[in-house]
Each structure stands twice: as C-alpha cells, then as structure tokens.
>>> print(open('work15.tsv').read())   # TSV, C-alpha atoms
chain	number	residue	atom	x	y	z
A	1	LEU	CA	2.08	-31.98	17.95
A	2	SER	CA	-1.29	-31.96	19.75
A	3	LEU	CA	-1.77	-33.28	23.28
A	4	ASN	CA	-4.13	-35.96	21.97
A	5	THR	CA	-1.54	-37.23	19.50
A	6	HIS	CA	1.24	-37.16	22.08
A	7	LEU	CA	-0.78	-39.17	24.63
A	8	LYS	CA	-1.92	-41.57	21.94
A	9	GLN	CA	1.70	-42.22	20.91
A	10	MET	CA	2.56	-42.92	24.55
A	11	GLY	CA	-0.41	-45.26	24.89
A	12	LYS	CA	-1.85	-43.25	27.76
A	13	LEU	CA	-4.74	-41.44	26.10
A	14	GLU	CA	-7.42	-43.92	27.20
A	15	ASN	CA	-5.91	-44.19	30.67
A	16	ILE	CA	-6.70	-40.56	31.46
A	17	GLY	CA	-10.22	-40.59	30.02
A	18	GLY	CA	-9.77	-40.40	26.23
A	19	GLU	CA	-10.07	-37.54	23.74
A	20	GLU	CA	-13.29	-36.24	25.26
A	21	TYR	CA	-11.59	-35.64	28.62
A	22	VAL	CA	-8.61	-33.90	27.01
A	23	CYS	CA	-10.89	-31.66	24.95
A	24	GLY	CA	-12.74	-30.76	28.14
A	25	ILE	CA	-9.50	-29.68	29.80
A	26	GLU	CA	-8.54	-27.53	26.79
A	27	ALA	CA	-11.95	-25.84	26.81
A	28	GLU	CA	-11.82	-25.17	30.56
A	29	PHE	CA	-8.42	-23.47	30.69
A	30	ALA	CA	-7.49	-20.41	28.62
A	31	SER	CA	-4.46	-20.79	26.34
A	32	THR	CA	-1.96	-18.17	25.18
A	33	VAL	CA	-0.81	-20.25	22.21
A	34	HIS	CA	-2.91	-18.25	19.76
A	35	LEU	CA	-2.88	-14.99	21.72
A	36	LYS	CA	-1.22	-13.02	18.90
A	37	GLN	CA	-3.83	-14.22	16.42
A	38	TYR	CA	-6.63	-13.41	18.87
A	39	CYS	CA	-5.29	-9.86	19.23
A	40	THR	CA	-5.01	-9.51	15.45
A	41	ASP	CA	-8.60	-10.69	15.04
A	42	LEU	CA	-9.77	-8.27	17.75
A	43	ILE	CA	-8.10	-5.32	16.01
A	44	ALA	CA	-9.62	-6.42	12.69
A	45	TYR	CA	-13.14	-6.53	14.23
A	46	LYS	CA	-12.56	-3.08	15.73
A	47	GLN	CA	-11.52	-1.73	12.34
A	48	ARG	CA	-14.53	-3.34	10.67
A	49	ARG	CA	-16.83	-1.64	13.17
A	50	GLU	CA	-15.14	1.73	12.60
A	51	LEU	CA	-15.40	1.27	8.82
A	52	LEU	CA	-19.13	0.59	9.14
A	53	LEU	CA	-19.56	3.74	11.23
A	54	LEU	CA	-17.51	5.73	8.72
A	55	SER	CA	-19.61	4.45	5.79
A	56	GLN	CA	-22.76	5.50	7.63
A	57	SER	CA	-21.27	8.93	8.29
A	58	ILE	CA	-20.27	9.33	4.63
A	59	ASN	CA	-23.75	8.30	3.54
A	60	ILE	CA	-25.35	10.92	5.79
A	61	LEU	CA	-22.96	13.71	4.75
A	62	SER	CA	-23.28	12.84	1.06
A	63	SER	CA	-27.07	13.13	1.33
A	64	ASP	CA	-26.76	16.63	2.78
A	65	GLU	CA	-26.61	19.00	-0.20
A	66	THR	CA	-25.44	21.85	2.03
A	67	GLU	CA	-22.14	20.07	2.64
A	68	GLU	CA	-19.25	20.80	0.28
A	69	VAL	CA	-18.04	17.68	-1.55
A	70	ASP	CA	-14.39	18.56	-0.94
A	71	ASN	CA	-15.02	18.81	2.80
A	72	ILE	CA	-16.73	15.41	2.81
A	73	ILE	CA	-13.80	13.83	0.98
A	74	LEU	CA	-11.18	15.40	3.27
A	75	LEU	CA	-13.09	14.40	6.41
A	76	SER	CA	-13.53	10.85	5.12
A	77	GLN	CA	-9.86	10.55	4.20
A	78	GLU	CA	-8.81	11.78	7.65
A	79	LYS	CA	-11.03	9.28	9.45
A	80	LEU	CA	-9.95	6.46	7.14
A	81	SER	CA	-6.28	7.26	7.81
A	82	ARG	CA	-6.94	6.99	11.55
A	83	ILE	CA	-8.56	3.59	11.08
A	84	ILE	CA	-5.60	2.38	9.02
A	85	SER	CA	-3.03	3.65	11.52
A	86	SER	CA	-4.89	2.01	14.42
A	87	GLY	CA	-3.89	-1.39	13.08
A	88	THR	CA	-0.22	-0.74	12.31
A	89	GLY	CA	0.96	-2.12	15.62
A	90	SER	CA	3.51	0.68	16.07
A	91	LYS	CA	5.17	0.97	19.48
A	92	SER	CA	7.28	3.48	21.37
A	93	VAL	CA	11.02	2.91	21.73
A	94	SER	CA	13.61	4.33	24.08
A	95	ASN	CA	16.22	6.84	22.93
A	96	GLN	CA	18.91	4.15	23.31
A	97	GLU	CA	16.97	1.75	21.08
A	98	ALA	CA	16.51	4.51	18.52
A	99	MET	CA	20.27	5.16	18.50
A	100	TYR	CA	21.00	1.46	17.95
A	101	MET	CA	18.51	1.46	15.08
A	102	ALA	CA	20.20	4.53	13.58
A	103	LEU	CA	23.67	2.97	13.83
A	104	ALA	CA	22.43	-0.25	12.23
A	105	GLU	CA	20.87	1.75	9.39
A	106	ILE	CA	24.09	3.73	8.84
A	107	GLU	CA	26.05	0.48	8.70
A	108	ARG	CA	23.57	-1.00	6.19
A	109	LEU	CA	23.77	2.09	3.97
A	110	SER	CA	27.58	2.05	4.04
A	111	LYS	CA	27.53	-1.45	2.55
A	112	LEU	CA	25.51	-0.35	-0.49
A	113	GLY	CA	28.60	1.03	-2.15
A	114	GLY	CA	26.91	4.20	-3.34
A	115	LYS	CA	23.97	2.38	-4.91
A	116	MET	CA	20.50	3.89	-4.57
A	117	ASP	CA	18.55	2.36	-1.71
A	118	GLY	CA	14.98	3.06	-2.77
A	119	VAL	CA	12.77	2.83	-5.85
A	120	SER	CA	13.95	5.13	-8.62
A	121	THR	CA	11.75	8.12	-9.49
A	122	GLY	CA	12.99	8.00	-13.07
A	123	PHE	CA	14.74	11.35	-12.64
A	124	THR	CA	18.46	11.19	-11.83
A	125	GLY	CA	18.61	14.57	-10.10
A	126	LEU	CA	15.62	13.78	-7.90
A	127	ASP	CA	17.01	10.34	-7.07
A	128	LYS	CA	20.23	11.94	-5.79
A	129	ILE	CA	18.18	14.12	-3.42
A	130	THR	CA	15.66	11.53	-2.20
A	131	ASP	CA	17.68	8.30	-2.66
A	132	GLY	CA	14.48	6.92	-4.19
A	133	PHE	CA	11.15	6.01	-2.62
A	134	LYS	CA	11.26	3.74	0.44
A	135	PRO	CA	8.68	1.58	2.24
A	136	GLY	CA	6.45	3.48	4.64
A	137	GLU	CA	6.98	6.88	3.02
A	138	LEU	CA	4.11	9.13	1.95
A	139	ILE	CA	5.10	11.28	-1.05
A	140	ILE	CA	2.91	14.30	-1.77
A	141	LEU	CA	3.23	16.31	-5.01
A	142	ALA	CA	1.82	19.78	-4.45
A	143	ALA	CA	1.42	22.56	-7.03
A	144	LYS	CA	-1.16	24.78	-8.68
A	145	THR	CA	-3.61	23.43	-11.22
A	146	SER	CA	-2.12	22.38	-14.60
A	147	PHE	CA	1.48	22.46	-13.35
A	148	GLY	CA	2.09	18.80	-14.25
A	149	LYS	CA	1.51	16.97	-10.96
A	150	THR	CA	-0.35	14.08	-12.59
A	151	ALA	CA	2.15	13.84	-15.44
A	152	LEU	CA	5.07	13.72	-12.98
A	153	ALA	CA	3.39	11.08	-10.82
A	154	HIS	CA	2.56	9.05	-13.93
A	155	ASP	CA	6.18	9.19	-15.11
A	156	MET	CA	7.35	8.03	-11.68
A	157	ALA	CA	4.86	5.16	-11.71
A	158	ILE	CA	6.03	4.06	-15.18
A	159	SER	CA	9.66	4.20	-14.03
A	160	ALA	CA	8.88	2.04	-10.99
A	161	ALA	CA	6.95	-0.47	-13.11
A	162	LYS	CA	9.79	-0.70	-15.64
A	163	GLY	CA	12.12	-1.37	-12.71
A	164	GLY	CA	10.10	-4.44	-11.79
A	165	VAL	CA	8.23	-2.88	-8.85
A	166	PRO	CA	4.51	-3.81	-8.64
A	167	THR	CA	2.75	-0.53	-9.36
A	168	ALA	CA	-0.85	0.71	-9.37
A	169	PHE	CA	-1.89	4.17	-10.55
A	170	PHE	CA	-5.20	5.73	-9.51
A	171	SER	CA	-6.57	9.00	-10.85
A	172	LEU	CA	-9.82	10.70	-9.84
A	173	GLU	CA	-9.64	13.25	-12.64
A	174	MET	CA	-8.12	11.59	-15.70
A	175	PRO	CA	-9.69	8.76	-17.78
A	176	VAL	CA	-7.77	5.53	-18.37
A	177	LEU	CA	-7.48	6.21	-22.12
A	178	GLU	CA	-5.83	9.58	-21.58
A	179	MET	CA	-3.36	8.06	-19.14
A	180	ALA	CA	-2.57	5.30	-21.64
A	181	LEU	CA	-2.01	7.84	-24.42
A	182	ARG	CA	0.37	9.76	-22.20
A	183	GLY	CA	2.28	6.60	-21.47
A	184	VAL	CA	2.60	5.77	-25.16
A	185	SER	CA	3.79	9.31	-25.92
A	186	LYS	CA	6.41	9.18	-23.20
A	187	GLU	CA	7.81	5.76	-24.05
A	188	SER	CA	7.77	6.18	-27.85
A	189	ARG	CA	8.76	9.86	-27.91
A	190	PHE	CA	5.96	10.30	-30.41
A	191	ASN	CA	3.25	12.94	-30.09
A	192	VAL	CA	0.07	10.87	-30.41
A	193	LYS	CA	-1.92	14.04	-31.09
A	194	GLU	CA	-0.37	14.04	-34.56
A	195	ALA	CA	-2.65	11.10	-35.42
A	196	ARG	CA	-5.52	13.59	-35.58
A	197	TYR	CA	-3.94	15.59	-38.36
A	198	LYS	CA	-2.07	13.13	-40.56
A	199	ILE	CA	-2.03	9.58	-41.82
A	200	LEU	CA	0.53	7.63	-39.86
A	201	THR	CA	3.35	6.03	-41.82
A	202	PRO	CA	4.76	2.53	-41.20
A	203	ASP	CA	7.71	4.22	-39.48
A	204	ASP	CA	5.32	6.06	-37.17
A	205	TRP	CA	3.55	2.81	-36.28
A	206	SER	CA	6.88	1.16	-35.66
A	207	ILE	CA	7.86	3.90	-33.20
A	208	ILE	CA	4.49	3.71	-31.43
A	209	SER	CA	4.60	-0.10	-31.22
A	210	SER	CA	8.11	0.04	-29.80
A	211	GLY	CA	6.92	2.46	-27.09
A	212	CYS	CA	3.95	0.23	-26.19
A	213	SER	CA	6.15	-2.84	-25.87
A	214	ARG	CA	8.21	-1.16	-23.16
>>> encode(input="work15.tsv", output="structure tokens")
Amino acid sequence: LSLNTHLKQMGKLENIGGEEYVCGIEAEFASTVHLKQYCTDLIAYKQRRELLLLSQSINILSSDETEEVDNIILLSQEKLSRIISSGTGSKSVSNQEAMYMALAEIERLSKLGGKMDGVSTGFTGLDKITDGFKPGELIILAAKTSFGKTALAHDMAISAAKGGVPTAFFSLEMPVLEMALRGVSKESRFNVKEARYKILTPDDWSIISSGCSR
C-alpha cells in the first residue's frame, strides 16, 4: 500500500499538498525499502564491468600468437570463476553456527531412511561412496587421454536426465552427432558401428528405436 493511496483513502491527501508534495518528500529522503535490490543491482553492474574487462583481456591475449591457447583458456576460466564467486553472497559464520548447521544436517539425513540424498550417478557403487551429486558441488573427472572421462560424464548426464533432473552436456572436443550415437549405443545396448558393415534387420531397428525412446 503506497503512501499516496493510504492518504487518499483517509481523505487527507489534498490537505497535505497532494501527490506532488508526497512525491517530493519521497525523492528528498533516502529509503531502505529496496536496499536489498539496490545492492543486488550494484553487484550486477560490478560483474558486468569485470566481464567487459575480461573480454578485452581475452581479445588481446587471443591476438598474441606467442601466447599458448591452453594458458589463455586457463587464465580466462580462473578470472571468470572469480567474477562468478564475487556475486554468491557468501558470508562467514561462527563455529557455534557451523555446529548447529551440522547437527541440523545430521538430523535431516537420519530422516531419509537410507535413501540417497543426491542425484544418482547411474553407478550403484559410486552412489554408495558419494551419496550422489548435490547442489553446490564441483565434480572433476581427471585421467589421462582416452581413459573414458567423456564417456563416464556422458553416462552420468544421461542417468541424471532419465531421473528427471534438468541436464545440459557441453563438450569442447566431441561433435553432437558422436555424443548422440554414444547415447543410442548405451541405451539400446546395440553397437551402432555395425551399421557400417551390415544391413540392419527389423529387429535391429526395433532395438535402436527402443534405446532412442528412453
């Protein structure tokens, strides 16, 4: 309920000088009503400025042929992570508050009745160790080249999507078609590479279609 409306309902708006006078008062004195939104907007403008500076820095580094591409990417990712974290609004807590948070979390977990708390990885053994993926976690798969990191991540993404979790998969090294073929192979249990060497039977197509529909 605005001040104008309140005074109008009381029949006193014109007595104090009308809407123009009230608007003048509101403009003259600072208000904390929208302070949280003002702070959010201020952080957003700060992040926009930092993103502009980062884009300029990336443009300069990318134009320098003496710079290694991997170094440019790592540096850009590091700076971008700092920009993202600057707007998280995280705060410090006392040890007592942390203990209360821990006790509340233990109580919440005890009420799950042994059910998994996070998003399933699609692998029972791994789920028992990790209790699934949870909000705020950063999961890194590290291994040598051609050890199956992308395939494992893709399987996890498919499992999450099948569980009803909104999922997006990004790959800087593998085309969309290849990822789709992998998904079809996994879900249908049919080696799509066989299509190169033989004419597929109606049974084969039925298996493939069943995998796609999942």
>>> closest_residue(input="work15.tsv", among="A:Ile106, A:Ala195, A:Met179, A:Ala44", to="Ala153 in chain A", atoms="all atoms listed in the file")
A:Met179
>>> atom_distance(input="work15.tsv", atom1="CA of Lys144 in chain A", atom2="CA of Ile72 in chain A")
21.5 Å
>>> residues_around(input="work15.tsv", residues="Arg48 in chain A", least_positions_apart="6", cutoff="10 Å", atoms="only C-alpha atoms", output="list of chain:residue names")
A:Leu42, A:Leu54, A:Ile83
>>> atom_distance(input="work15.tsv", atom1="CA of Lys46 in chain A", atom2="CA of Ile140 in chain A")
29.1 Å
>>> atom_distance(input="work15.tsv", atom1="CA of Val119 in chain A", atom2="CA of Lys134 in chain A")
6.5 Å
>>> axis_aligned_box(input="work15.tsv", around="range 147-166 of chain A", padding_each_side="6 Å", output="JSON")
{"center_x": 5.9, "center_y": 9.0, "center_z": -12.1, "size_x": 24.5, "size_y": 38.9, "size_z": 19.0}
>>> residues_around(input="work15.tsv", residues="Arg189 in chain A", least_positions_apart="3", cutoff="10 Å", atoms="all atoms listed in the file", output="ChimeraX atom specification")
/A:183-186,192,207-208,211
>>> closest_residue(input="work15.tsv", among="A:Ser146, A:Ser159, A:Ala151, A:Met10", to="Thr124 in chain A", atoms="all atoms listed in the file")
A:Ser159
>>> residues_around(input="work15.tsv", residues="Lys115 in chain A", least_positions_apart="3", cutoff="9 Å", atoms="only C-alpha atoms", output="short mmCIF file (atom, residue, chain, number, x, y, z; two decimals) with C-alpha atoms, in the frame of the given file")
data_model
loop_
_atom_site.label_atom_id
_atom_site.label_comp_id
_atom_site.auth_asym_id
_atom_site.auth_seq_id
_atom_site.Cartn_x
_atom_site.Cartn_y
_atom_site.Cartn_z
CA LEU A 109 23.77 2.09 3.97
CA LEU A 112 25.51 -0.35 -0.49
CA ASP A 131 17.68 8.30 -2.66
#
>>> residues_around(input="work15.tsv", residues="Val165 in chain A", least_positions_apart="3", cutoff="12 Å", atoms="only C-alpha atoms", output="MDAnalysis selection string")
chainID A and resid 118:121 133:135 156:162 168
>>> closest_residue(input="work15.tsv", among="A:Lys79, A:Met116, A:Met99, A:Ser57", to="Lys128 in chain A", atoms="all atoms listed in the file")
A:Met116
>>> closest_residue(input="work15.tsv", among="A:Glu105, A:Glu50, A:Gly114, A:Glu187", to="Ser213 in chain A", atoms="only C-alpha atoms")
A:Glu187
>>> closest_residue(input="work15.tsv", among="A:Glu19, A:Leu53, A:Ile73, A:Asp64", to="Leu3 in chain A", atoms="all atoms listed in the file")
A:Glu19
